[in-house]
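So this block is input.pdb, PDB, C-alpha atoms and all ligand atoms:
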```
ATOM      1  CA  MET A   1     -24.952 -97.747 190.175
ATOM      2  CA  LEU A   2     -21.485 -99.106 190.755
ATOM      3  CA  ASP A   3     -20.514 -98.318 187.164
ATOM      4  CA  GLN A   4     -21.835 -94.819 187.588
ATOM      5  CA  ALA A   5     -19.715 -94.331 190.703
ATOM      6  CA  LYS A   6     -16.651 -95.699 188.939
ATOM      7  CA  ALA A   7     -17.223 -93.454 185.955
ATOM      8  CA  ASN A   8     -17.109 -90.440 188.251
ATOM      9  CA  VAL A   9     -13.908 -91.555 189.899
ATOM     10  CA  GLN A  10     -12.021 -92.445 186.736
ATOM     11  CA  ARG A  11     -10.466 -89.460 185.073
ATOM     12  CA  PRO A  12     -10.844 -89.355 181.302
ATOM     13  CA  GLU A  13      -7.102 -89.751 180.937
ATOM     14  CA  ARG A  14      -5.381 -91.819 183.544
ATOM     15  CA  PHE A  15      -1.908 -90.727 184.595
ATOM     16  CA  VAL A  16       0.729 -93.017 183.088
ATOM     17  CA  THR A  17       4.450 -92.569 183.486
ATOM     18  CA  ARG A  18       7.546 -94.695 183.052
ATOM     19  CA  PHE A  19      11.183 -95.197 183.889
ATOM     20  CA  ALA A  20      13.289 -96.070 180.853
ATOM     21  CA  PRO A  21      16.820 -97.171 181.777
ATOM     22  CA  SER A  22      19.432 -98.335 179.294
ATOM     23  CA  PRO A  23      21.065-101.519 180.603
ATOM     24  CA  THR A  24      24.602-100.309 179.904
ATOM     25  CA  GLY A  25      25.684-100.399 183.550
ATOM     26  CA  LEU A  26      24.443-100.423 187.126
ATOM     27  CA  LEU A  27      21.918 -97.852 188.307
ATOM     28  CA  HIS A  28      23.387 -94.915 190.206
ATOM     29  CA  LEU A  29      21.813 -92.369 192.536
ATOM     30  CA  GLY A  30      20.767 -90.163 189.627
ATOM     31  CA  ASN A  31      18.847 -93.046 188.022
ATOM     32  CA  ALA A  32      17.290 -93.841 191.397
ATOM     33  CA  PHE A  33      16.094 -90.249 191.679
ATOM     34  CA  SER A  34      14.422 -90.472 188.254
ATOM     35  CA  ALA A  35      12.793 -93.818 188.976
ATOM     36  CA  LEU A  36      11.539 -92.788 192.431
ATOM     37  CA  THR A  37      10.259 -89.421 191.197
ATOM     38  CA  ALA A  38       8.243 -91.109 188.448
ATOM     39  CA  PHE A  39       7.007 -93.883 190.721
ATOM     40  CA  ASP A  40       5.949 -91.464 193.488
ATOM     41  CA  ALA A  41       4.126 -89.293 190.941
ATOM     42  CA  ALA A  42       2.210 -92.315 189.618
ATOM     43  CA  CYS A  43       1.259 -93.366 193.156
ATOM     44  CA  ALA A  44       0.146 -89.836 194.082
ATOM     45  CA  ALA A  45      -2.028 -89.642 190.954
ATOM     46  CA  LYS A  46      -3.323 -93.215 191.402
ATOM     47  CA  GLY A  47      -1.935 -93.807 187.953
ATOM     48  CA  ARG A  48       0.289 -96.384 186.327
ATOM     49  CA  PHE A  49       4.047 -96.781 186.416
ATOM     50  CA  LEU A  50       5.783 -98.634 183.582
ATOM     51  CA  LEU A  51       9.293 -99.945 183.108
ATOM     52  CA  ARG A  52      10.881 -99.798 179.677
ATOM     53  CA  ILE A  53      14.256-101.302 178.922
ATOM     54  CA  GLU A  54      16.047 -99.174 176.315
ATOM     55  CA  ASP A  55      18.350-101.877 174.993
ATOM     56  CA  LEU A  56      18.706-100.837 171.365
ATOM     57  CA  ASP A  57      22.467-100.516 171.415
ATOM     58  CA  ALA A  58      23.415-104.182 171.319
ATOM     59  CA  SER A  59      27.117-103.371 171.616
ATOM     60  CA  ARG A  60      26.682-101.740 175.061
ATOM     61  CA  CYS A  61      23.558-103.304 176.607
ATOM     62  CA  ARG A  62      23.835-106.494 178.664
ATOM     63  CA  PRO A  63      21.182-108.835 180.082
ATOM     64  CA  ASP A  64      23.028-109.002 183.427
ATOM     65  CA  TYR A  65      22.747-105.237 183.764
ATOM     66  CA  GLU A  66      19.032-105.482 183.048
ATOM     67  CA  ALA A  67      18.660-108.108 185.778
ATOM     68  CA  ALA A  68      20.663-105.907 188.186
ATOM     69  CA  ILE A  69      18.468-102.890 187.328
ATOM     70  CA  GLN A  70      15.279-104.817 188.092
ATOM     71  CA  LYS A  71      16.797-106.065 191.345
ATOM     72  CA  ASP A  72      17.803-102.521 192.399
ATOM     73  CA  LEU A  73      14.376-101.094 191.557
ATOM     74  CA  THR A  74      12.594-103.844 193.484
ATOM     75  CA  TRP A  75      14.910-103.261 196.440
ATOM     76  CA  LEU A  76      14.007 -99.560 196.322
ATOM     77  CA  GLY A  77      10.358-100.558 196.680
ATOM     78  CA  LEU A  78       9.245 -99.967 193.099
ATOM     79  CA  ALA A  79       6.792-102.152 191.223
ATOM     80  CA  TRP A  80       5.598-101.755 187.645
ATOM     81  CA  ASP A  81       2.112-102.339 186.330
ATOM     82  CA  GLU A  82       2.994-104.385 183.246
ATOM     83  CA  ALA A  83       5.779-106.646 182.054
ATOM     84  CA  PRO A  84       8.713-104.420 181.067
ATOM     85  CA  LEU A  85       8.785-103.331 177.441
ATOM     86  CA  ARG A  86      12.065-104.239 175.764
ATOM     87  CA  GLN A  87      13.015-102.014 172.849
ATOM     88  CA  SER A  88      15.145-104.750 171.277
ATOM     89  CA  GLN A  89      11.904-106.650 170.642
ATOM     90  CA  ARG A  90      10.071-103.811 168.934
ATOM     91  CA  SER A  91      11.794-103.590 165.565
ATOM     92  CA  ALA A  92       8.561-104.225 163.656
ATOM     93  CA  ALA A  93       6.842-101.211 165.238
ATOM     94  CA  TYR A  94       9.865 -98.939 164.665
ATOM     95  CA  THR A  95      10.196-100.097 161.061
ATOM     96  CA  GLU A  96       6.544 -99.292 160.422
ATOM     97  CA  ALA A  97       6.935 -95.770 161.807
ATOM     98  CA  LEU A  98      10.110 -95.242 159.814
ATOM     99  CA  GLN A  99       8.389 -96.419 156.632
ATOM    100  CA  SER A 100       5.497 -94.068 157.249
ATOM    101  CA  LEU A 101       7.897 -91.106 157.421
ATOM    102  CA  GLN A 102       9.854 -92.414 154.466
ATOM    103  CA  SER A 103       6.781 -92.859 152.287
ATOM    104  CA  ARG A 104       5.974 -89.183 152.811
ATOM    105  CA  GLY A 105       9.453 -88.193 151.650
ATOM    106  CA  LEU A 106      10.500 -86.874 155.058
ATOM    107  CA  LEU A 107      13.726 -88.849 155.389
ATOM    108  CA  TYR A 108      17.003 -88.815 153.546
ATOM    109  CA  ARG A 109      20.127 -90.947 153.641
ATOM    110  CA  CYS A 110      23.127 -89.345 155.275
ATOM    111  CA  PHE A 111      26.511 -90.955 154.666
ATOM    112  CA  LYS A 112      28.486 -88.617 156.903
ATOM    113  CA  THR A 113      30.647 -90.289 159.499
ATOM    114  CA  ARG A 114      31.001 -89.157 163.110
ATOM    115  CA  LYS A 115      34.368 -87.681 162.123
ATOM    116  CA  ASP A 116      32.764 -85.624 159.316
ATOM    117  CA  MET A 117      30.153 -84.357 161.755
ATOM    118  CA  ALA A 118      32.737 -83.406 164.380
ATOM    119  CA  ALA A 119      34.713 -81.477 161.747
ATOM    120  CA  ALA A 120      31.562 -79.677 160.586
ATOM    121  CA  MET A 121      30.920 -78.562 164.141
ATOM    122  CA  THR A 122      34.479 -77.344 164.681
ATOM    123  CA  ASN A 123      34.336 -75.334 161.464
ATOM    124  CA  ALA A 124      30.969 -73.796 162.309
ATOM    125  CA  PRO A 125      30.986 -69.968 162.525
ATOM    126  CA  HIS A 126      31.885 -68.643 166.009
ATOM    127  CA  GLY A 127      32.668 -72.204 167.058
ATOM    128  CA  PHE A 128      28.943 -72.646 167.711
ATOM    129  CA  PRO A 129      28.038 -76.313 167.373
ATOM    130  CA  ALA A 130      25.541 -75.836 164.585
ATOM    131  CA  PRO A 131      22.915 -78.535 164.281
ATOM    132  CA  PHE A 132      23.285 -80.730 161.256
ATOM    133  CA  TRP A 133      21.615 -79.537 158.056
ATOM    134  CA  GLY A 134      23.237 -81.797 155.516
ATOM    135  CA  GLY A 135      20.201 -82.461 153.351
ATOM    136  CA  PRO A 136      19.986 -85.181 150.707
ATOM    137  CA  ILE A 137      22.991 -85.739 148.465
ATOM    138  CA  PRO A 138      22.782 -85.878 144.643
ATOM    139  CA  PRO A 139      21.151 -89.153 143.446
ATOM    140  CA  ALA A 140      24.180 -90.237 141.393
ATOM    141  CA  LEU A 141      26.512 -89.953 144.389
ATOM    142  CA  GLU A 142      23.953 -91.673 146.579
ATOM    143  CA  SER A 143      23.720 -94.647 144.173
ATOM    144  CA  GLU A 144      27.491 -94.880 144.042
ATOM    145  CA  LEU A 145      27.843 -94.903 147.833
ATOM    146  CA  LEU A 146      25.034 -97.447 148.140
ATOM    147  CA  SER A 147      26.697 -99.720 145.612
ATOM    148  CA  GLN A 148      29.904 -99.512 147.679
ATOM    149  CA  GLY A 149      27.922-100.621 150.733
ATOM    150  CA  ALA A 150      28.718 -97.392 152.615
ATOM    151  CA  PRO A 151      26.872 -97.153 155.966
ATOM    152  CA  PHE A 152      24.303 -94.390 156.299
ATOM    153  CA  ALA A 153      21.754 -92.912 158.677
ATOM    154  CA  TRP A 154      18.161 -92.017 157.881
ATOM    155  CA  ARG A 155      17.722 -88.383 158.876
ATOM    156  CA  LEU A 156      14.530 -86.437 159.311
ATOM    157  CA  SER A 157      14.545 -83.471 156.948
ATOM    158  CA  LEU A 158      13.267 -80.430 158.804
ATOM    159  CA  GLU A 159      12.907 -78.623 155.510
ATOM    160  CA  ARG A 160      10.468 -81.265 154.260
ATOM    161  CA  CYS A 161       8.646 -81.407 157.601
ATOM    162  CA  ARG A 162       8.146 -77.670 157.430
ATOM    163  CA  ALA A 163       6.796 -77.953 153.876
ATOM    164  CA  LEU A 164       4.417 -80.755 154.868
ATOM    165  CA  LEU A 165       3.043 -79.194 158.048
ATOM    166  CA  GLY A 166       2.923 -75.619 156.786
ATOM    167  CA  PRO A 167       2.145 -73.001 159.479
ATOM    168  CA  ALA A 168       1.483 -75.787 162.010
ATOM    169  CA  PHE A 169       5.250 -76.442 162.024
ATOM    170  CA  GLY A 170       5.906 -73.102 163.695
ATOM    171  CA  GLU A 171       3.005 -73.486 166.107
ATOM    172  CA  LEU A 172       4.101 -76.702 167.798
ATOM    173  CA  ARG A 173       4.275 -76.402 171.576
ATOM    174  CA  PHE A 174       4.907 -78.719 174.479
ATOM    175  CA  PHE A 175       4.199 -78.384 178.163
ATOM    176  CA  GLU A 176       7.091 -78.583 180.595
ATOM    177  CA  ALA A 177       5.706 -79.108 184.098
ATOM    178  CA  GLY A 178       9.211 -79.363 185.538
ATOM    179  CA  GLN A 179      12.204 -77.331 184.455
ATOM    180  CA  GLY A 180      14.781 -77.532 181.703
ATOM    181  CA  PRO A 181      18.461 -76.902 182.511
ATOM    182  CA  ASN A 182      17.995 -73.151 182.017
ATOM    183  CA  GLY A 183      14.759 -72.883 183.950
ATOM    184  CA  GLU A 184      12.516 -73.516 180.910
ATOM    185  CA  THR A 185       9.014 -74.217 182.158
ATOM    186  CA  GLY A 186       5.324 -73.999 181.143
ATOM    187  CA  TRP A 187       4.281 -73.894 177.498
ATOM    188  CA  ILE A 188       7.321 -73.931 175.280
ATOM    189  CA  ALA A 189       7.450 -73.317 171.541
ATOM    190  CA  ALA A 190       9.002 -76.422 169.982
ATOM    191  CA  GLN A 191      12.163 -75.563 168.083
ATOM    192  CA  PRO A 192      13.211 -78.743 166.341
ATOM    193  CA  GLU A 193      15.818 -76.651 164.498
ATOM    194  CA  SER A 194      17.800 -76.617 167.732
ATOM    195  CA  GLN A 195      18.449 -80.340 167.220
ATOM    196  CA  GLY A 196      19.013 -80.291 163.462
ATOM    197  CA  ASP A 197      18.040 -83.097 161.101
ATOM    198  CA  ILE A 198      18.113 -85.875 163.661
ATOM    199  CA  ALA A 199      19.038 -89.435 162.752
ATOM    200  CA  LEU A 200      16.115 -91.843 163.214
ATOM    201  CA  ALA A 201      17.918 -94.999 162.200
ATOM    202  CA  ARG A 202      21.436 -96.016 161.356
ATOM    203  CA  LYS A 203      22.102 -98.774 158.860
ATOM    204  CA  ASP A 204      24.790-100.272 161.097
ATOM    205  CA  ILE A 205      23.331 -99.551 164.565
ATOM    206  CA  GLY A 206      19.558 -99.639 164.107
ATOM    207  CA  PHE A 207      16.807 -97.363 165.381
ATOM    208  CA  SER A 208      17.558 -94.171 167.254
ATOM    209  CA  TYR A 209      16.521 -93.276 170.763
ATOM    210  CA  HIS A 210      14.279 -90.461 169.466
ATOM    211  CA  LEU A 211      12.145 -92.684 167.266
ATOM    212  CA  ALA A 212      11.926 -95.582 169.720
ATOM    213  CA  ALA A 213      11.241 -93.528 172.856
ATOM    214  CA  CYS A 214       8.587 -91.374 171.189
ATOM    215  CA  LEU A 215       6.771 -94.316 169.667
ATOM    216  CA  ASP A 216       6.934 -96.360 172.866
ATOM    217  CA  ASP A 217       5.641 -93.488 174.982
ATOM    218  CA  ALA A 218       2.750 -93.037 172.553
ATOM    219  CA  GLN A 219       1.849 -96.726 172.307
ATOM    220  CA  SER A 220       2.130 -97.249 176.063
ATOM    221  CA  GLY A 221      -0.245 -94.340 176.669
ATOM    222  CA  VAL A 222       2.343 -92.381 178.659
ATOM    223  CA  THR A 223       0.770 -89.098 179.738
ATOM    224  CA  HIS A 224       3.772 -87.764 181.713
ATOM    225  CA  VAL A 225       7.393 -88.159 180.657
ATOM    226  CA  ILE A 226       9.413 -87.756 183.845
ATOM    227  CA  ARG A 227      13.192 -87.709 183.356
ATOM    228  CA  GLY A 228      16.374 -85.747 183.969
ATOM    229  CA  CYS A 229      16.577 -82.188 182.658
ATOM    230  CA  ASP A 230      19.515 -83.240 180.465
ATOM    231  CA  LEU A 231      16.860 -84.667 178.125
ATOM    232  CA  HIS A 232      14.615 -81.579 178.155
ATOM    233  CA  ALA A 233      15.921 -80.479 174.737
ATOM    234  CA  ALA A 234      14.852 -83.770 173.167
ATOM    235  CA  ALA A 235      11.213 -82.714 173.625
ATOM    236  CA  HIS A 236      11.669 -80.096 170.862
ATOM    237  CA  VAL A 237      12.113 -82.778 168.262
ATOM    238  CA  HIS A 238       9.877 -85.359 169.953
ATOM    239  CA  ARG A 239       7.000 -82.891 169.642
ATOM    240  CA  LEU A 240       7.616 -82.739 165.895
ATOM    241  CA  LEU A 241       7.655 -86.540 165.584
ATOM    242  CA  GLN A 242       4.361 -86.688 167.496
ATOM    243  CA  ALA A 243       2.795 -84.172 165.110
ATOM    244  CA  LEU A 244       4.057 -86.048 162.045
ATOM    245  CA  MET A 245       2.859 -89.422 163.310
ATOM    246  CA  GLY A 246      -0.402 -88.296 164.944
ATOM    247  CA  TRP A 247       0.816 -89.422 168.376
ATOM    248  CA  PRO A 248      -0.479 -87.629 171.472
ATOM    249  CA  ALA A 249       1.872 -85.175 173.174
ATOM    250  CA  PRO A 250       2.609 -86.067 176.794
ATOM    251  CA  VAL A 251       3.389 -83.550 179.533
ATOM    252  CA  TYR A 252       7.147 -83.310 180.168
ATOM    253  CA  VAL A 253       8.374 -83.222 183.737
ATOM    254  CA  SER A 254      12.113 -82.602 183.674
ATOM    255  CA  HIS A 255      13.798 -82.901 187.038
ATOM    256  CA  ARG A 256      17.126 -81.757 188.472
ATOM    257  CA  LEU A 257      20.170 -83.968 188.090
ATOM    258  CA  ILE A 258      21.861 -85.584 191.048
ATOM    259  CA  LEU A 259      25.521 -84.649 191.150
ATOM    260  CA  GLY A 260      28.442 -86.541 192.634
ATOM    261  CA  PRO A 261      30.583 -85.412 195.577
ATOM    262  CA  GLU A 262      32.712 -83.186 193.319
ATOM    263  CA  GLY A 263      29.693 -81.692 191.607
ATOM    264  CA  GLN A 264      30.177 -83.944 188.603
ATOM    265  CA  ARG A 265      27.386 -85.613 186.633
ATOM    266  CA  LEU A 266      27.031 -89.210 187.689
ATOM    267  CA  ALA A 267      27.946 -91.870 185.183
ATOM    268  CA  LYS A 268      27.236 -95.570 185.359
ATOM    269  CA  ARG A 269      30.981 -96.201 185.546
ATOM    270  CA  ASP A 270      31.245 -94.259 188.882
ATOM    271  CA  LYS A 271      31.017 -97.372 191.005
ATOM    272  CA  ALA A 272      30.857 -95.502 194.334
ATOM    273  CA  GLU A 273      27.421 -94.046 193.599
ATOM    274  CA  THR A 274      25.773 -97.211 192.291
ATOM    275  CA  LEU A 275      22.793 -98.539 194.211
ATOM    276  CA  GLN A 276      24.433-101.937 194.394
ATOM    277  CA  HIS A 277      27.476-100.483 196.147
ATOM    278  CA  LEU A 278      25.411 -98.288 198.463
ATOM    279  CA  ARG A 279      23.268-101.286 199.397
ATOM    280  CA  GLN A 280      26.400-103.314 200.146
ATOM    281  CA  THR A 281      27.616-100.577 202.494
ATOM    282  CA  GLY A 282      24.439-101.110 204.522
ATOM    283  CA  LEU A 283      22.231 -98.237 203.334
ATOM    284  CA  THR A 284      18.479 -98.886 203.284
ATOM    285  CA  PRO A 285      15.984 -97.705 200.643
ATOM    286  CA  ASN A 286      14.890 -95.038 203.128
ATOM    287  CA  ASP A 287      18.476 -93.833 203.458
ATOM    288  CA  ILE A 288      18.598 -93.513 199.652
ATOM    289  CA  ARG A 289      15.358 -91.535 199.636
ATOM    290  CA  ALA A 290      16.671 -89.267 202.403
ATOM    291  CA  ARG A 291      19.931 -88.729 200.531
ATOM    292  CA  LEU A 292      17.945 -87.739 197.423
ATOM    293  CA  GLY A 293      15.705 -85.374 199.360
ATOM    294  CA  LEU A 294      12.691 -87.582 198.692
ATOM    295  CA  GLY A 295      11.904 -88.194 202.373
TER     296      GLY A 295
HETATM  297  N1  LIG B 301      17.274 -94.432 178.289
HETATM  298  C1  LIG B 301      17.473 -93.069 178.662
HETATM  299  C2  LIG B 301      18.536 -93.009 179.738
HETATM  300  O1  LIG B 301      18.823 -94.023 180.373
HETATM  301  C3  LIG B 301      16.218 -92.412 179.209
HETATM  302  C4  LIG B 301      15.363 -91.912 178.147
HETATM  303  C5  LIG B 301      14.024 -91.315 178.568
HETATM  304  O2  LIG B 301      13.659 -91.333 179.764
HETATM  305  O3  LIG B 301      13.333 -90.846 177.671
HETATM  306  O4  LIG B 301      19.090 -91.950 179.934
END
```
Turn the structure described in the file into C-alpha cells.
Amino acid sequence: MLDQAKANVQRPERFVTRFAPSPTGLLHLGNAFSALTAFDAACAAKGRFLLRIEDLDASRCRPDYEAAIQKDLTWLGLAWDEAPLRQSQRSAAYTEALQSLQSRGLLYRCFKTRKDMAAAMTNAPHGFPAPFWGGPIPPALESELLSQGAPFAWRLSLERCRALLGPAFGELRFFEAGQGPNGETGWIAAQPESQGDIALARKDIGFSYHLAACLDDAQSGVTHVIRGCDLHAAAHVHRLLQALMGWPAPVYVSHRLILGPEGQRLAKRDKAETLQHLRQTGLTPNDIRARLGLG
C-alpha cells in the first residue's frame, strides 16, 4: 500500500539540476544568482540539487577557491544532495567518450594556434567572426607535425556528423524554458554550425568544457540545466553531442545576467561584488537574495 502511494507521488523523471562553478576565483553576485535560482527550482520541484566543480583548467583553478566557493554557498543556505563531482577526477569517462567519437571518425586533429584562429576571424568576409571550419589536414602534413610534437586539438567535424546522422542532423531541437540573450525561448532548432567545429580536447590543456559538461550532466541525470544566458548558445552544440552519444537532452533554463554598478558583466576579479566581500561588509544571505530580486 505504501509502495503504491509512493509510486503515485514519484514522478517518472525526478527534477535534477546543478550549479557548476569553475574555481578560478571567488563567487560574485552573478554566480550567487545562478546557484540560488537552481537551488530554489530544485526545492520547488522537490528535486535534487547537485554541485559540480569545473576544475579542468589546472593553470587557473585553485583548491582554495573551491573551498571558498563551498563556504559561500553554505553561507547562502545552499546544500547539495551528493558529494560534489570534480571534473579533474573524471578523465577516464571523458577519454571514453572521446574515443567513441574518434572511433566513428567524427574527430580530426587541428594544429591551428589561437593566433591563427584570431587571424582567420579578422579576415572573414564582412568582419563576421565565422565559426571555424578548418577540416582535417592532409595526412602527410599531419604526420610531419605529429613527429615535430606540435600541439593540437581534437575537433568535432560537423561535416562528418551531418553525414552520420543524415536528416536527423537538421531536425535536432532543444527546449529553452528560460531565455537566450536575444529572447530565444521554447523549442529551438539546434544549429551547431553557429559554433563551428568545436574543440573537444586539447593535447596540451585536456578536455574541453563542452565534452565534460555534457557528459557530466548526462551521467548525473540532470534534467534541467539552469545557467546564465551567456551560455545559451552552447546548447546548440551540446544537443548535437547528446544525439551522437545517445545522452538524454535536458531542458535548458537560461537566466538573465547580473550586471555591476556600471552595467558591466561581473567578473571574478571584481572584488567589490564577491560574496566574501559583501559578507564582510555585514550583508546577510537575505540581503543578497533581496539584492538579486529573489526575495
Ligand atoms: N563552469 C561554468 C562557469 O562557471 C558553468 C558551466 C555550466 O553551467 O554549464 O561559467
All residues having an atom within 8 Å of ligand LIG 301 (chain B) (all atoms listed in the file) as a list in words =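 My answer, listing the contacting residues, is Arg18, Phe19, Ala20, Pro21, Ser22, Pro23, Asn31, Ile53, Glu54, Tyr209, Ala213, Val225, Ile226, Arg227, Gly228 and Leu231 of chain A.
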Which residue of A:Glu262, A:Asp230, A:Asp287, A:Asp81 approaches A:Ser34 most closely, using all atoms listed in the file |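 Distance minimum relative to A:Ser34 lands on A:Asp230.
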Distance query A:Cys110 at most 9 Å, all atoms listed in the file, self and fewer than 6 positions along chain excluded, as a ChimeraX atom specification = /A:134-137,151-155,199
Atom CA of A:Trp187 to atom CA of A:Ala38 measures 20.8 Å
For this file, the PyMOL selection byres (((chain A and resi 113) around 12) and not hetatm) selects which residues, as a PyMOL selection string?
-> chain A and resi 110-112+114-120+134+150-153+202+204
File of the preceding selection, C-alpha atoms, as a PDB file, in the frame of the given file:
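As a result, selection_9.pdb now contains:
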```
ATOM      1  CA  CYS A 110      23.127 -89.345 155.275  1.00  0.00           C
ATOM      2  CA  PHE A 111      26.511 -90.955 154.666  1.00  0.00           C
ATOM      3  CA  LYS A 112      28.486 -88.617 156.903  1.00  0.00           C
ATOM      4  CA  ARG A 114      31.001 -89.157 163.110  1.00  0.00           C
ATOM      5  CA  LYS A 115      34.368 -87.681 162.123  1.00  0.00           C
ATOM      6  CA  ASP A 116      32.764 -85.624 159.316  1.00  0.00           C
ATOM      7  CA  MET A 117      30.153 -84.357 161.755  1.00  0.00           C
ATOM      8  CA  ALA A 118      32.737 -83.406 164.380  1.00  0.00           C
ATOM      9  CA  ALA A 119      34.713 -81.477 161.747  1.00  0.00           C
ATOM     10  CA  ALA A 120      31.562 -79.677 160.586  1.00  0.00           C
ATOM     11  CA  GLY A 134      23.237 -81.797 155.516  1.00  0.00           C
ATOM     12  CA  ALA A 150      28.718 -97.392 152.615  1.00  0.00           C
ATOM     13  CA  PRO A 151      26.872 -97.153 155.966  1.00  0.00           C
ATOM     14  CA  PHE A 152      24.303 -94.390 156.299  1.00  0.00           C
ATOM     15  CA  ALA A 153      21.754 -92.912 158.677  1.00  0.00           C
ATOM     16  CA  ARG A 202      21.436 -96.016 161.356  1.00  0.00           C
ATOM     17  CA  ASP A 204      24.790-100.272 161.097  1.00  0.00           C
TER      18      ASP A 204
END
```
Can you tell me, as lines of an AutoDock Vina configuration file, the centre and edge lengths (Å, one decimal) of the axis-aligned box enclosing all of stretch 12-26 of chain A's listed atoms after padding each side by 5 Å?
```
center_x = 7.4
center_y = -95.4
center_z = 183.2
size_x = 46.5
size_y = 22.2
size_z = 17.8
```
Fewer than 6 positions away in the same chain doesn't count, so skip those; otherwise give me all residues within 12 Å of A:Ala212, counting all atoms listed in the file, as a ChimeraX atom specification.
-> /A:20,52-57,85-98,199-201,206,218-220,238,241-242
Evaluate the PyMOL selection byres (((chain A and resi 73) around 12) and not hetatm) and report residues as a PyMOL selection string | chain A and resi 19-21+26-29+31-36+39+50-51+66-72+74-80+275-276+279+285+288
Mind listing whatever residues come within 6 Å of the point (10.8, -78.4, 178.9)? Use all atoms listed in the file, file coordinates, and give them as a PyMOL selection string.
-> chain A and resi 176+179-180+184-185+232
All residues 12 Å or closer to A:Gly47, all atoms listed in the file, same chain fewer than 5 positions away omitted, as a short mmCIF file (atom, residue, chain, number, x, y, z; two decimals) with C-alpha atoms, keeping the file's coordinate frame:
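To be explicit, this is the file written out as selection39.cif:
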```cif
data_model
loop_
_atom_site.label_atom_id
_atom_site.label_comp_id
_atom_site.auth_asym_id
_atom_site.auth_seq_id
_atom_site.Cartn_x
_atom_site.Cartn_y
_atom_site.Cartn_z
CA GLN A 10 -12.02 -92.44 186.74
CA ARG A 11 -10.47 -89.46 185.07
CA PRO A 12 -10.84 -89.36 181.30
CA GLU A 13 -7.10 -89.75 180.94
CA ARG A 14 -5.38 -91.82 183.54
CA PHE A 15 -1.91 -90.73 184.60
CA VAL A 16 0.73 -93.02 183.09
CA THR A 17 4.45 -92.57 183.49
CA ARG A 18 7.55 -94.70 183.05
CA ALA A 38 8.24 -91.11 188.45
CA PHE A 39 7.01 -93.88 190.72
CA ASP A 40 5.95 -91.46 193.49
CA ALA A 41 4.13 -89.29 190.94
CA ALA A 42 2.21 -92.32 189.62
CA TRP A 80 5.60 -101.76 187.64
CA ASP A 81 2.11 -102.34 186.33
CA GLY A 221 -0.24 -94.34 176.67
CA VAL A 222 2.34 -92.38 178.66
CA THR A 223 0.77 -89.10 179.74
CA HIS A 224 3.77 -87.76 181.71
#
```
Near A:Ala243, counting all atoms listed in the file, which residues have an atom at most 9 Å away, once you skip same-chain residues fewer than 4 positions from it, shown as a PyMOL selection string?
-> chain A and resi 165+169+172+238-239+247-249
What does the PyMOL selection byres (((chain A and resi 269) around 12) and not hetatm) select in this file, as a PyMOL selection string?
-> chain A and resi 24-28+265-268+270-274+277
Where atoms are missing, can you supply N, CA and C atoms for stretch 183-195 of chain A and output the lot as a PDB file, keeping the file's coordinate frame?
```pdb
ATOM      1  N   GLY A 183      15.993 -73.374 183.322  1.00  0.00           N
ATOM      2  CA  GLY A 183      14.759 -72.883 183.950  1.00  0.00           C
ATOM      3  C   GLY A 183      13.549 -72.882 183.022  1.00  0.00           C
ATOM      4  N   GLU A 184      13.642 -73.496 181.854  1.00  0.00           N
ATOM      5  CA  GLU A 184      12.516 -73.516 180.910  1.00  0.00           C
ATOM      6  C   GLU A 184      11.336 -74.232 181.571  1.00  0.00           C
ATOM      7  N   THR A 185      10.192 -73.592 181.549  1.00  0.00           N
ATOM      8  CA  THR A 185       9.014 -74.217 182.158  1.00  0.00           C
ATOM      9  C   THR A 185       7.725 -73.684 181.526  1.00  0.00           C
ATOM     10  N   GLY A 186       6.615 -74.414 181.718  1.00  0.00           N
ATOM     11  CA  GLY A 186       5.324 -73.999 181.143  1.00  0.00           C
ATOM     12  C   GLY A 186       5.240 -74.360 179.673  1.00  0.00           C
ATOM     13  N   TRP A 187       4.414 -73.625 178.940  1.00  0.00           N
ATOM     14  CA  TRP A 187       4.281 -73.894 177.498  1.00  0.00           C
ATOM     15  C   TRP A 187       5.523 -73.418 176.775  1.00  0.00           C
ATOM     16  N   ILE A 188       6.068 -74.258 175.968  1.00  0.00           N
ATOM     17  CA  ILE A 188       7.321 -73.931 175.280  1.00  0.00           C
ATOM     18  C   ILE A 188       7.127 -74.153 173.786  1.00  0.00           C
ATOM     19  N   ALA A 189       7.539 -73.169 172.996  1.00  0.00           N
ATOM     20  CA  ALA A 189       7.450 -73.317 171.541  1.00  0.00           C
ATOM     21  C   ALA A 189       8.495 -74.345 171.116  1.00  0.00           C
ATOM     22  N   ALA A 190       8.050 -75.385 170.408  1.00  0.00           N
ATOM     23  CA  ALA A 190       9.002 -76.422 169.982  1.00  0.00           C
ATOM     24  C   ALA A 190       9.912 -75.851 168.899  1.00  0.00           C
ATOM     25  N   GLN A 191      11.202 -76.024 169.092  1.00  0.00           N
ATOM     26  CA  GLN A 191      12.163 -75.563 168.083  1.00  0.00           C
ATOM     27  C   GLN A 191      13.019 -76.745 167.646  1.00  0.00           C
ATOM     28  N   PRO A 192      12.440 -77.572 166.770  1.00  0.00           N
ATOM     29  CA  PRO A 192      13.211 -78.743 166.341  1.00  0.00           C
ATOM     30  C   PRO A 192      14.522 -78.360 165.663  1.00  0.00           C
ATOM     31  N   GLU A 193      14.577 -77.119 165.148  1.00  0.00           N
ATOM     32  CA  GLU A 193      15.818 -76.651 164.498  1.00  0.00           C
ATOM     33  C   GLU A 193      16.994 -76.744 165.460  1.00  0.00           C
ATOM     34  N   SER A 194      16.708 -76.602 166.756  1.00  0.00           N
ATOM     35  CA  SER A 194      17.800 -76.617 167.732  1.00  0.00           C
ATOM     36  C   SER A 194      18.510 -77.974 167.737  1.00  0.00           C
ATOM     37  N   GLN A 195      17.845 -79.001 167.227  1.00  0.00           N
ATOM     38  CA  GLN A 195      18.449 -80.340 167.220  1.00  0.00           C
ATOM     39  C   GLN A 195      18.921 -80.743 165.831  1.00  0.00           C
TER      40      GLN A 195
END
```
